[in-house]
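S.K.: Below is entry.cif; it holds mmCIF, C-alpha atoms and all ligand atoms.
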```
data_data
loop_
_atom_site.group_PDB
_atom_site.id
_atom_site.type_symbol
_atom_site.label_atom_id
_atom_site.label_comp_id
_atom_site.auth_asym_id
_atom_site.auth_seq_id
_atom_site.Cartn_x
_atom_site.Cartn_y
_atom_site.Cartn_z
ATOM 1 C CA MET A 1 0.000 0.000 0.000
ATOM 2 C CA SER A 2 1.383 3.394 -0.939
ATOM 3 C CA PRO A 3 1.795 6.121 1.674
ATOM 4 C CA ILE A 4 -0.968 8.018 -0.057
ATOM 5 C CA SER A 5 -3.517 5.273 0.184
ATOM 6 C CA GLN A 6 -2.517 4.735 3.781
ATOM 7 C CA ARG A 7 -3.348 8.331 4.510
ATOM 8 C CA TYR A 8 -6.628 8.559 2.665
ATOM 9 C CA THR A 9 -9.101 6.105 1.342
ATOM 10 C CA ARG A 10 -11.402 7.050 -1.499
ATOM 11 C CA ARG A 11 -14.316 6.728 0.876
ATOM 12 C CA GLN A 12 -12.731 9.185 3.273
ATOM 13 C CA ILE A 13 -12.115 11.721 0.567
ATOM 14 C CA LEU A 14 -15.608 11.366 -0.781
ATOM 15 C CA GLY A 15 -16.854 11.500 2.775
ATOM 16 C CA ILE A 16 -15.447 14.934 3.360
ATOM 17 C CA ILE A 17 -17.577 16.234 0.545
ATOM 18 C CA GLY A 18 -20.451 16.455 2.952
ATOM 19 C CA ILE A 19 -21.610 19.694 1.415
ATOM 20 C CA SER A 20 -23.385 18.082 -1.472
ATOM 21 C CA ILE A 21 -24.714 15.044 0.257
ATOM 22 C CA ILE A 22 -26.249 16.365 3.422
ATOM 23 C CA GLY A 23 -29.677 15.887 1.912
ATOM 24 C CA SER A 24 -29.166 12.239 1.134
ATOM 25 C CA TRP A 25 -27.589 11.697 4.525
ATOM 26 C CA LEU A 26 -30.644 13.124 6.226
ATOM 27 C CA LYS A 27 -32.962 10.925 4.235
ATOM 28 C CA SER A 28 -31.034 7.831 5.138
ATOM 29 C CA GLU A 29 -30.365 8.675 8.749
ATOM 30 C CA ALA A 30 -33.482 7.212 10.236
ATOM 31 C CA LYS A 31 -33.053 3.839 8.550
ATOM 32 C CA GLU A 32 -29.456 2.965 9.249
ATOM 33 C CA PRO A 33 -27.992 5.745 11.322
ATOM 34 C CA THR A 34 -24.639 4.476 12.458
ATOM 35 C CA ASN A 35 -23.260 2.937 9.296
ATOM 36 C CA ARG A 36 -24.654 5.582 7.034
ATOM 37 C CA ILE A 37 -23.340 8.491 9.052
ATOM 38 C CA ASN A 38 -19.904 6.950 9.230
ATOM 39 C CA ASP A 39 -19.971 6.276 5.520
ATOM 40 C CA MET A 40 -20.882 9.794 4.542
ATOM 41 C CA THR A 41 -19.145 11.988 7.043
ATOM 42 C CA ASN A 42 -16.032 10.197 8.140
ATOM 43 C CA ILE A 43 -13.645 13.100 8.065
ATOM 44 C CA GLN A 44 -10.206 11.678 8.559
ATOM 45 C CA ILE A 45 -7.376 13.916 7.470
ATOM 46 C CA ASP A 46 -3.905 12.660 8.236
ATOM 47 C CA SER A 47 -4.164 11.468 11.822
ATOM 48 C CA THR A 48 -6.836 13.971 12.749
ATOM 49 C CA ILE A 49 -10.437 12.971 13.082
ATOM 50 C CA GLY A 50 -13.392 15.185 12.271
ATOM 51 C CA TYR A 51 -16.082 12.709 13.215
ATOM 52 C CA GLU A 52 -15.879 10.243 16.031
ATOM 53 C CA ASN A 53 -18.302 8.200 18.114
ATOM 54 C CA GLY A 54 -21.371 9.768 16.604
ATOM 55 C CA LYS A 55 -20.199 13.365 16.953
ATOM 56 C CA TYR A 56 -18.337 15.853 14.812
ATOM 57 C CA VAL A 57 -15.078 16.766 16.500
ATOM 58 C CA LEU A 58 -12.589 19.558 16.008
ATOM 59 C CA PRO A 59 -9.411 18.166 14.440
ATOM 60 C CA PRO A 60 -6.264 19.507 16.082
ATOM 61 C CA LEU A 61 -4.093 21.765 13.970
ATOM 62 C CA PRO A 62 -1.339 19.816 12.193
ATOM 63 C CA TYR A 63 1.186 22.477 13.317
ATOM 64 C CA ALA A 64 1.698 25.028 16.105
ATOM 65 C CA TYR A 65 -0.476 28.132 16.245
ATOM 66 C CA ASP A 66 2.468 30.321 15.281
ATOM 67 C CA ALA A 67 3.935 27.952 12.691
ATOM 68 C CA LEU A 68 2.490 29.825 9.715
ATOM 69 C CA GLU A 69 4.042 33.170 10.675
ATOM 70 C CA PRO A 70 4.642 35.618 9.137
ATOM 71 C CA PHE A 71 2.085 34.862 6.438
ATOM 72 C CA MET A 72 -0.673 33.869 8.836
ATOM 73 C CA ASP A 73 -0.416 35.260 12.339
ATOM 74 C CA GLU A 74 -0.727 33.289 15.544
ATOM 75 C CA ALA A 75 -3.643 35.291 16.943
ATOM 76 C CA SER A 76 -5.716 34.792 13.791
ATOM 77 C CA VAL A 77 -4.954 31.078 13.594
ATOM 78 C CA ARG A 78 -5.777 30.573 17.271
ATOM 79 C CA LEU A 79 -9.107 32.393 17.078
ATOM 80 C CA HIS A 80 -9.942 30.879 13.723
ATOM 81 C CA HIS A 81 -9.371 27.298 14.801
ATOM 82 C CA ASP A 82 -10.357 27.374 18.470
ATOM 83 C CA LYS A 83 -13.365 29.660 18.220
ATOM 84 C CA HIS A 84 -14.693 29.814 14.661
ATOM 85 C CA HIS A 85 -14.059 26.248 13.508
ATOM 86 C CA ALA A 86 -15.014 24.944 16.948
ATOM 87 C CA GLY A 87 -18.244 26.875 16.652
ATOM 88 C CA TYR A 88 -19.126 25.129 13.415
ATOM 89 C CA VAL A 89 -18.437 21.752 15.004
ATOM 90 C CA ALA A 90 -20.720 22.590 17.917
ATOM 91 C CA GLY A 91 -23.362 23.930 15.554
ATOM 92 C CA ALA A 92 -23.260 20.833 13.376
ATOM 93 C CA ASN A 93 -23.670 18.559 16.380
ATOM 94 C CA ALA A 94 -26.538 20.632 17.744
ATOM 95 C CA ALA A 95 -28.347 20.637 14.408
ATOM 96 C CA ALA A 96 -27.821 16.917 13.895
ATOM 97 C CA GLU A 97 -29.230 16.271 17.364
ATOM 98 C CA LYS A 98 -32.304 18.382 16.684
ATOM 99 C CA LEU A 99 -32.928 16.598 13.403
ATOM 100 C CA ARG A 100 -32.646 13.294 15.186
ATOM 101 C CA GLU A 101 -35.245 14.505 17.690
ATOM 102 C CA ILE A 102 -37.529 15.433 14.806
ATOM 103 C CA ALA A 103 -37.029 12.017 13.239
ATOM 104 C CA ASP A 104 -37.803 10.399 16.577
ATOM 105 C CA GLY A 105 -40.987 12.451 16.990
ATOM 106 C CA LYS A 106 -39.683 14.337 20.018
ATOM 107 C CA LEU A 107 -39.614 17.675 18.224
ATOM 108 C CA ASP A 108 -42.191 19.144 15.912
ATOM 109 C CA ALA A 109 -41.379 18.675 12.241
ATOM 110 C CA SER A 110 -42.140 22.330 11.548
ATOM 111 C CA ALA A 111 -38.619 23.084 12.844
ATOM 112 C CA THR A 112 -37.016 20.904 10.198
ATOM 113 C CA THR A 113 -36.154 23.658 7.734
ATOM 114 C CA ASN A 114 -34.287 25.680 10.324
ATOM 115 C CA TRP A 115 -32.230 22.745 11.491
ATOM 116 C CA VAL A 116 -31.500 21.513 7.988
ATOM 117 C CA ARG A 117 -30.167 24.964 7.190
ATOM 118 C CA ALA A 118 -28.155 24.996 10.393
ATOM 119 C CA LEU A 119 -26.663 21.607 9.629
ATOM 120 C CA SER A 120 -25.864 22.633 6.060
ATOM 121 C CA PHE A 121 -24.103 25.803 7.197
ATOM 122 C CA ASN A 122 -22.197 24.360 10.133
ATOM 123 C CA LEU A 123 -21.241 21.005 8.643
ATOM 124 C CA SER A 124 -20.099 22.669 5.444
ATOM 125 C CA GLY A 125 -18.007 25.012 7.573
ATOM 126 C CA HIS A 126 -16.543 22.072 9.463
ATOM 127 C CA VAL A 127 -15.682 20.217 6.255
ATOM 128 C CA LEU A 128 -14.060 23.182 4.532
ATOM 129 C CA HIS A 129 -12.057 24.270 7.576
ATOM 130 C CA SER A 130 -10.823 20.705 8.077
ATOM 131 C CA ILE A 131 -9.467 20.789 4.526
ATOM 132 C CA PHE A 132 -8.184 24.366 4.896
ATOM 133 C CA TRP A 133 -5.875 23.599 7.843
ATOM 134 C CA THR A 134 -4.254 20.660 6.086
ATOM 135 C CA ASN A 135 -3.936 22.668 2.858
ATOM 136 C CA MET A 136 -1.259 24.750 4.590
ATOM 137 C CA THR A 137 2.165 23.873 5.936
ATOM 138 C CA PRO A 138 5.040 25.822 7.470
ATOM 139 C CA THR A 139 7.371 24.009 5.052
ATOM 140 C CA PRO A 140 5.754 24.179 1.626
ATOM 141 C CA LYS A 141 7.419 22.857 -1.480
ATOM 142 C CA PRO A 142 7.352 25.304 -4.384
ATOM 143 C CA ALA A 143 5.090 23.398 -6.748
ATOM 144 C CA PRO A 144 2.935 20.302 -7.096
ATOM 145 C CA GLU A 145 4.385 17.197 -8.695
ATOM 146 C CA GLY A 146 3.191 14.106 -10.487
ATOM 147 C CA ALA A 147 -0.386 13.612 -11.602
ATOM 148 C CA LEU A 148 -1.638 16.831 -10.017
ATOM 149 C CA ALA A 149 1.005 18.881 -11.790
ATOM 150 C CA GLU A 150 0.030 17.234 -15.075
ATOM 151 C CA ALA A 151 -3.663 17.872 -14.471
ATOM 152 C CA ILE A 152 -2.994 21.535 -13.670
ATOM 153 C CA ASN A 153 -0.929 21.984 -16.828
ATOM 154 C CA GLN A 154 -3.522 20.211 -18.923
ATOM 155 C CA LYS A 155 -6.411 22.326 -17.683
ATOM 156 C CA PHE A 156 -4.813 25.710 -17.029
ATOM 157 C CA GLY A 157 -1.588 25.660 -19.030
ATOM 158 C CA SER A 158 0.668 26.274 -16.046
ATOM 159 C CA LEU A 159 0.740 26.437 -12.275
ATOM 160 C CA GLU A 160 0.986 30.205 -12.493
ATOM 161 C CA ALA A 161 -2.148 30.398 -14.619
ATOM 162 C CA MET A 162 -4.042 28.130 -12.246
ATOM 163 C CA LEU A 163 -3.037 30.182 -9.227
ATOM 164 C CA LYS A 164 -3.945 33.407 -11.003
ATOM 165 C CA THR A 165 -7.445 32.065 -11.553
ATOM 166 C CA PHE A 166 -7.665 30.622 -8.050
ATOM 167 C CA LYS A 167 -6.660 33.952 -6.507
ATOM 168 C CA ALA A 168 -9.141 35.846 -8.660
ATOM 169 C CA ALA A 169 -11.946 33.449 -7.760
ATOM 170 C CA SER A 170 -11.103 33.798 -4.071
ATOM 171 C CA LEU A 171 -10.899 37.565 -4.290
ATOM 172 C CA GLY A 172 -14.193 37.755 -6.130
ATOM 173 C CA VAL A 173 -16.337 35.907 -3.618
ATOM 174 C CA GLU A 174 -19.077 38.273 -2.526
ATOM 175 C CA GLY A 175 -19.137 38.655 1.237
ATOM 176 C CA SER A 176 -17.960 35.611 3.163
ATOM 177 C CA GLY A 177 -16.938 32.428 1.438
ATOM 178 C CA TRP A 178 -14.226 30.350 -0.151
ATOM 179 C CA GLY A 179 -12.109 29.982 -3.249
ATOM 180 C CA ILE A 180 -11.970 26.353 -4.286
ATOM 181 C CA LEU A 181 -9.820 24.238 -6.586
ATOM 182 C CA GLY A 182 -11.690 21.000 -6.973
ATOM 183 C CA LEU A 183 -12.221 17.974 -9.138
ATOM 184 C CA ASP A 184 -15.312 17.791 -11.290
ATOM 185 C CA PRO A 185 -16.311 14.160 -10.810
ATOM 186 C CA LEU A 186 -18.056 14.054 -14.204
ATOM 187 C CA SER A 187 -15.200 15.202 -16.414
ATOM 188 C CA LYS A 188 -12.497 14.138 -13.938
ATOM 189 C CA THR A 189 -10.824 17.458 -14.587
ATOM 190 C CA LEU A 190 -9.852 20.264 -12.253
ATOM 191 C CA ILE A 191 -12.187 23.164 -11.783
ATOM 192 C CA ILE A 192 -11.993 26.461 -9.913
ATOM 193 C CA CYS A 193 -15.012 28.044 -8.339
ATOM 194 C CA GLY A 194 -16.167 29.940 -5.312
ATOM 195 C CA ALA A 195 -18.551 29.336 -2.463
ATOM 196 C CA GLU A 196 -20.615 31.899 -0.618
ATOM 197 C CA LYS A 197 -20.824 31.344 3.130
ATOM 198 C CA HIS A 198 -19.844 27.675 3.403
ATOM 199 C CA GLN A 199 -22.679 25.759 1.855
ATOM 200 C CA ASN A 200 -23.363 27.671 -1.341
ATOM 201 C CA VAL A 201 -20.782 26.077 -3.597
ATOM 202 C CA GLU A 202 -21.035 27.425 -7.132
ATOM 203 C CA VAL A 203 -20.509 23.965 -8.634
ATOM 204 C CA PRO A 204 -22.352 21.402 -6.498
ATOM 205 C CA GLY A 205 -20.728 18.015 -6.276
ATOM 206 C CA ILE A 206 -17.143 19.044 -6.896
ATOM 207 C CA ILE A 207 -14.531 17.465 -4.685
ATOM 208 C CA PRO A 208 -12.559 20.261 -3.005
ATOM 209 C CA LEU A 209 -8.797 19.835 -3.082
ATOM 210 C CA LEU A 210 -7.521 23.295 -2.171
ATOM 211 C CA VAL A 211 -9.667 25.816 -0.353
ATOM 212 C CA CYS A 212 -8.966 29.412 0.636
ATOM 213 C CA ASP A 213 -11.111 30.838 3.419
ATOM 214 C CA VAL A 214 -11.978 34.430 2.550
ATOM 215 C CA TRP A 215 -14.222 35.132 5.506
ATOM 216 C CA GLU A 216 -12.954 38.268 7.226
ATOM 217 C CA HIS A 217 -12.306 36.260 10.390
ATOM 218 C CA ALA A 218 -9.523 34.502 8.459
ATOM 219 C CA TYR A 219 -7.511 37.651 7.816
ATOM 220 C CA TYR A 220 -8.840 40.856 9.303
ATOM 221 C CA LEU A 221 -6.553 40.988 12.338
ATOM 222 C CA LYS A 222 -3.424 40.931 10.190
ATOM 223 C CA HIS A 223 -4.443 42.032 6.726
ATOM 224 C CA GLN A 224 -7.376 44.291 7.663
ATOM 225 C CA ASN A 225 -9.470 44.841 4.532
ATOM 226 C CA MET A 226 -6.770 43.721 2.111
ATOM 227 C CA ARG A 227 -8.124 40.365 1.068
ATOM 228 C CA ALA A 228 -5.844 40.200 -1.956
ATOM 229 C CA ASN A 229 -2.743 40.393 0.249
ATOM 230 C CA TYR A 230 -4.088 37.655 2.484
ATOM 231 C CA ILE A 231 -4.754 35.415 -0.517
ATOM 232 C CA GLU A 232 -1.191 35.990 -1.718
ATOM 233 C CA ASP A 233 0.090 34.978 1.715
ATOM 234 C CA PHE A 234 -2.154 31.902 1.815
ATOM 235 C CA CYS A 235 -0.712 30.764 -1.493
ATOM 236 C CA LYS A 236 2.793 30.926 -0.006
ATOM 237 C CA LEU A 237 1.746 28.273 2.505
ATOM 238 C CA ILE A 238 0.094 25.735 0.220
ATOM 239 C CA ASN A 239 0.805 22.164 1.236
ATOM 240 C CA TRP A 240 1.121 20.647 -2.236
ATOM 241 C CA ASP A 241 1.690 17.189 -0.774
ATOM 242 C CA ASP A 242 -1.748 17.384 0.788
ATOM 243 C CA VAL A 243 -3.362 18.671 -2.405
ATOM 244 C CA GLU A 244 -1.664 15.894 -4.398
ATOM 245 C CA ASN A 245 -2.999 13.272 -1.997
ATOM 246 C CA ARG A 246 -6.490 14.657 -2.250
ATOM 247 C CA TYR A 247 -6.294 14.708 -6.042
ATOM 248 C CA LEU A 248 -5.102 11.120 -6.326
ATOM 249 C CA CYS A 249 -7.834 9.910 -4.019
ATOM 250 C CA ALA A 250 -10.492 11.964 -5.795
ATOM 251 C CA ILE A 251 -9.720 10.588 -9.257
ATOM 252 C CA GLY A 252 -9.720 7.055 -7.805
HETATM 253 MN MN MN B 301 -12.979 30.403 8.599
#
```
Rewrite the structure from the file as structure tokens, please.
Ligand code: MN

M.R.:
Amino acid sequence: MSPISQRYTRRQILGIIGISIIGSWLKSEAKEPTNRINDMTNIQIDSTIGYENGKYVLPPLPYAYDALEPFMDEASVRLHHDKHHAGYVAGANAAAEKLREIADGKLDASATTNWVRALSFNLSGHVLHSIFWTNMTPTPKPAPEGALAEAINQKFGSLEAMLKTFKAASLGVEGSGWGILGLDPLSKTLIICGAEKHQNVEVPGIIPLLVCDVWEHAYYLKHQNMRANYIEDFCKLINWDDVENRYLCAIG
């Protein structure tokens, strides 16, 4: 078994794409809760776990809070991970619990819409942040290699052209959201898009490989209103090994 397949299974990678499958998960929950939930939402990134024993859990950072300095400051990383990401984890668990109560008849079904929305928002936030942390490293290599590098060249012409588009997509997100480099599972080619908030991905169903959080909470302490500068700094931290692993698992 290669190191890559030891780190991720295809199921795990597909599982972290909870954004597009929350609906089907909800439909199936009542029938076979344990297996189905594990199947769909088993977020396992490196040795960190995003879902464990029936609950979403906050994965620890794969580096120290100050490890991404000077491009991403310690105070922002600490607040971002320990407060914002943790909040999405708590929100996802609360919403999932309420939906279970509705399914069990303990809570009126008229509340369903609110809790579905809450689960969509918070679980999508949990998924994207879990990818975001592992997409960065204090010791980045300058460029992707292997199959990912080939796929980038094939689709965009060069790494520079891909990053130019990725940065522009991230910069252009209206309000709070994400820039995303993902795999279109239909064409099996790379695609760049944005997402508003967490759950409103412009291309539903894509498998995110590289995600840039452009919520102000990600950068305002250090970069103030200069989102473009923050995006430039994020791109200096990209963990291409992680993106390569995600790509290989996504294409299967
Ligand atoms: Mn964030």

S.K.: What is the distance, in Å and to one decimal place, between CA of His81 in chain A and atom MN of ligand MN 301 (chain B)?

M.R.: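 Straight-line distance from CA of His81 in chain A to atom MN of ligand MN 301 (chain B) works out to 7.8 Å.
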
S.K.: Hey, which residues come within 6 Å of ligand MN 301 (chain B) if we count all atoms listed in the file? Could you give them as a PyMOL selection string?

M.R.: chain A and resi 80+213+215+218

S.K.: Can you tell me, as a list in words, what residues are no more than 9 Å from range 135-144 of chain A when counting all atoms listed in the file, ignoring any on the same chain fewer than 4 positions away?

M.R.: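 Counting all atoms listed in the file, the residues come to Pro62, Tyr63, Ala67, Leu68, Glu69, Ser130, Ile131, Leu148, Ala149, Ile152, Leu159, Leu209, Leu210, Val211, Cys212, Phe234, Cys235, Lys236, Leu237, Ile238, Asn239, Trp240, Asp241, Asp242, Val243 and Glu244 of chain A.
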
S.K.: Find the distance between CA of Asn229 in chain A and CA of Val214 in chain A and write it in Å to one decimal.

M.R.: 11.2 Å

S.K.: Taking the file above as input, evaluate the PyMOL selection byres (((chain A and resi 115-124) around 6) and not hetatm) and report the hits as a PyMOL selection string.

M.R.: chain A and resi 19+88+91-92+95+112-114+125-127+198-199

S.K.: Once you have the residues from the selection above, write them out as a PDB file, keeping the file's coordinate frame, restricted to C-alpha atoms.

M.R.:
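Contents of the output file selection.pdb:
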```
ATOM      1  CA  ILE A  19     -21.610  19.694   1.415  1.00  0.00           C
ATOM      2  CA  TYR A  88     -19.126  25.129  13.415  1.00  0.00           C
ATOM      3  CA  GLY A  91     -23.362  23.930  15.554  1.00  0.00           C
ATOM      4  CA  ALA A  92     -23.260  20.833  13.376  1.00  0.00           C
ATOM      5  CA  ALA A  95     -28.347  20.637  14.408  1.00  0.00           C
ATOM      6  CA  THR A 112     -37.016  20.904  10.198  1.00  0.00           C
ATOM      7  CA  THR A 113     -36.154  23.658   7.734  1.00  0.00           C
ATOM      8  CA  ASN A 114     -34.287  25.680  10.324  1.00  0.00           C
ATOM      9  CA  GLY A 125     -18.007  25.012   7.573  1.00  0.00           C
ATOM     10  CA  HIS A 126     -16.543  22.072   9.463  1.00  0.00           C
ATOM     11  CA  VAL A 127     -15.682  20.217   6.255  1.00  0.00           C
ATOM     12  CA  HIS A 198     -19.844  27.675   3.403  1.00  0.00           C
ATOM     13  CA  GLN A 199     -22.679  25.759   1.855  1.00  0.00           C
TER      14      GLN A 199
END
```
